$ cat upload20.cif   # mmCIF, C-alpha atoms
data_query
loop_
_atom_site.group_PDB
_atom_site.id
_atom_site.type_symbol
_atom_site.label_atom_id
_atom_site.label_comp_id
_atom_site.auth_asym_id
_atom_site.auth_seq_id
_atom_site.Cartn_x
_atom_site.Cartn_y
_atom_site.Cartn_z
ATOM 1 C CA THR A 194 -9.193 12.214 -7.498
ATOM 2 C CA VAL A 195 -10.067 8.612 -8.136
ATOM 3 C CA GLY A 196 -13.573 8.691 -6.703
ATOM 4 C CA ILE A 197 -13.203 6.003 -4.018
ATOM 5 C CA SER A 198 -12.998 6.312 -0.249
ATOM 6 C CA ARG A 199 -9.711 6.181 1.666
ATOM 7 C CA ILE A 200 -10.674 2.912 3.350
ATOM 8 C CA THR A 201 -11.484 1.288 -0.007
ATOM 9 C CA ALA A 202 -8.123 2.411 -1.400
ATOM 10 C CA ARG A 203 -6.287 1.112 1.678
ATOM 11 C CA ARG A 204 -8.084 -2.248 1.518
ATOM 12 C CA TYR A 205 -7.152 -2.637 -2.134
ATOM 13 C CA LEU A 206 -3.521 -1.705 -1.432
ATOM 14 C CA GLU A 207 -3.431 -4.249 1.422
ATOM 15 C CA HIS A 208 -4.851 -6.864 -0.968
ATOM 16 C CA LEU A 209 -2.021 -6.107 -3.409
ATOM 17 C CA VAL A 210 0.508 -6.526 -0.577
ATOM 18 C CA HIS A 211 -1.111 -9.816 0.510
ATOM 19 C CA THR A 212 -0.957 -11.174 -3.051
ATOM 20 C CA SER A 213 2.713 -10.068 -3.409
ATOM 21 C CA ARG A 214 1.996 -7.551 -6.148
ATOM 22 C CA ALA A 215 3.009 -4.567 -4.019
ATOM 23 C CA GLY A 216 5.308 -3.856 -1.090
ATOM 24 C CA ARG A 217 4.652 -1.693 1.958
ATOM 25 C CA THR A 218 7.149 0.205 4.106
ATOM 26 C CA PRO A 219 6.470 2.620 6.951
ATOM 27 C CA GLN A 220 7.985 6.090 6.757
ATOM 28 C CA TYR A 221 8.372 7.758 10.132
ATOM 29 C CA GLY A 222 7.951 11.496 10.538
ATOM 30 C CA HIS A 223 8.301 13.675 13.593
ATOM 31 C CA VAL A 224 5.108 12.970 15.535
ATOM 32 C CA GLY A 225 2.139 10.648 15.131
ATOM 33 C CA ARG A 226 1.509 7.549 13.102
ATOM 34 C CA PRO A 227 3.954 6.426 10.434
ATOM 35 C CA GLU A 228 2.992 7.030 6.835
ATOM 36 C CA LEU A 229 2.707 3.826 4.808
ATOM 37 C CA ARG A 230 4.404 3.833 1.403
ATOM 38 C CA TYR A 231 3.358 1.303 -1.228
ATOM 39 C CA ARG A 232 5.313 0.289 -4.313
ATOM 40 C CA TRP A 233 4.815 -2.182 -7.133
ATOM 41 C CA LEU A 234 6.924 -5.328 -6.961
ATOM 42 C CA SER A 235 8.508 -6.521 -10.180
ATOM 43 C CA GLN A 236 6.715 -9.420 -11.816
ATOM 44 C CA THR A 237 9.543 -11.603 -13.145
ATOM 45 C CA GLY A 238 8.581 -14.054 -15.827
ATOM 46 C CA ARG A 239 5.485 -12.129 -16.949
#
$ encode --input "upload20.cif" --output "C-alpha cells"
Amino acid sequence: TVGISRITARRYLEHLVHTSRAGRTPQYGHVGRPELRYRWLSQTGR
C-alpha cells in the first residue's frame, strides 16, 4: 500500500489528467459504475 486515501489518489490522478501527463479511459464491466483506467502519456521532447 502507498499510505494515502482513495480520494487523495483519485484527486492526484485527475490532476495528472488535467495537466496532460496521464490519460483516462473508462472500462465497462457487467453491472455498476465503469472502472477508470489511467495511463502515462509519453512526454515527447523531454
$ atom_distance --input "upload20.cif" --atom1 "atom CA of Arg217 of chain A" --atom2 "atom CA of Arg204 of chain A"
12.8 Å
$ atom_distance --input "upload20.cif" --atom1 "atom CA of Pro227 of chain A" --atom2 "atom CA of Arg203 of chain A"
14.5 Å
$ residues_around --input "upload20.cif" --residues "Val210 of chain A" --least-positions-apart "5" --cutoff "10 Å" --atoms "only C-alpha atoms" --output "list in words"
Arg204, Tyr205, Ala215, Gly216, Arg217, Tyr231, Arg232, Trp233 and Leu234 of chain A
$ atom_distance --input "upload20.cif" --atom1 "atom CA of Val195 of chain A" --atom2 "atom CA of Arg230 of chain A"
18.0 Å
$ decode --input "upload20.cif" --residues "segment 195-238 of chain A" --atoms "C-alpha atoms" --output "CSV table (one decimal), in the first residue's frame"
chain,number,residue,atom,x,y,z
A,195,VAL,CA,1.0,3.6,-0.6
A,196,GLY,CA,-0.4,5.0,2.6
A,197,ILE,CA,-2.8,7.6,1.1
A,198,SER,CA,-6.6,7.6,0.9
A,199,ARG,CA,-8.5,6.6,-2.2
A,200,ILE,CA,-9.8,10.1,-2.7
A,201,THR,CA,-6.3,11.6,-2.4
A,202,ALA,CA,-5.1,9.1,-5.0
A,203,ARG,CA,-8.0,9.9,-7.3
A,204,ARG,CA,-7.5,13.7,-7.0
A,205,TYR,CA,-3.8,13.3,-7.9
A,206,LEU,CA,-4.6,11.1,-10.9
A,207,GLU,CA,-7.2,13.7,-12.0
A,208,HIS,CA,-4.6,16.4,-11.7
A,209,LEU,CA,-2.2,14.4,-13.9
A,210,VAL,CA,-5.0,14.0,-16.5
A,211,HIS,CA,-5.8,17.8,-16.3
A,212,THR,CA,-2.1,18.6,-16.9
A,213,SER,CA,-1.8,16.1,-19.8
A,214,ARG,CA,0.6,13.8,-18.1
A,215,ALA,CA,-1.8,10.9,-17.9
A,216,GLY,CA,-4.8,9.6,-19.8
A,217,ARG,CA,-8.0,8.2,-18.5
A,218,THR,CA,-10.4,5.7,-20.1
A,219,PRO,CA,-13.5,4.0,-18.7
A,220,GLN,CA,-13.6,0.2,-18.7
A,221,TYR,CA,-17.2,-1.1,-18.5
A,222,GLY,CA,-17.9,-4.3,-16.7
A,223,HIS,CA,-21.2,-6.2,-16.3
A,224,VAL,CA,-23.1,-4.1,-13.7
A,225,GLY,CA,-22.4,-0.8,-11.9
A,226,ARG,CA,-20.1,2.0,-12.4
A,227,PRO,CA,-17.3,1.9,-15.0
A,228,GLU,CA,-13.8,1.3,-13.7
A,229,LEU,CA,-11.4,4.2,-14.7
A,230,ARG,CA,-8.1,3.2,-16.1
A,231,TYR,CA,-5.2,5.7,-16.0
A,232,ARG,CA,-2.0,5.5,-18.1
A,233,TRP,CA,1.0,7.7,-18.5
A,234,LEU,CA,1.2,9.8,-21.7
A,235,SER,CA,4.5,10.0,-23.5
A,236,GLN,CA,6.4,13.2,-22.9
A,237,THR,CA,8.0,13.9,-26.3
A,238,GLY,CA,10.9,16.3,-26.3
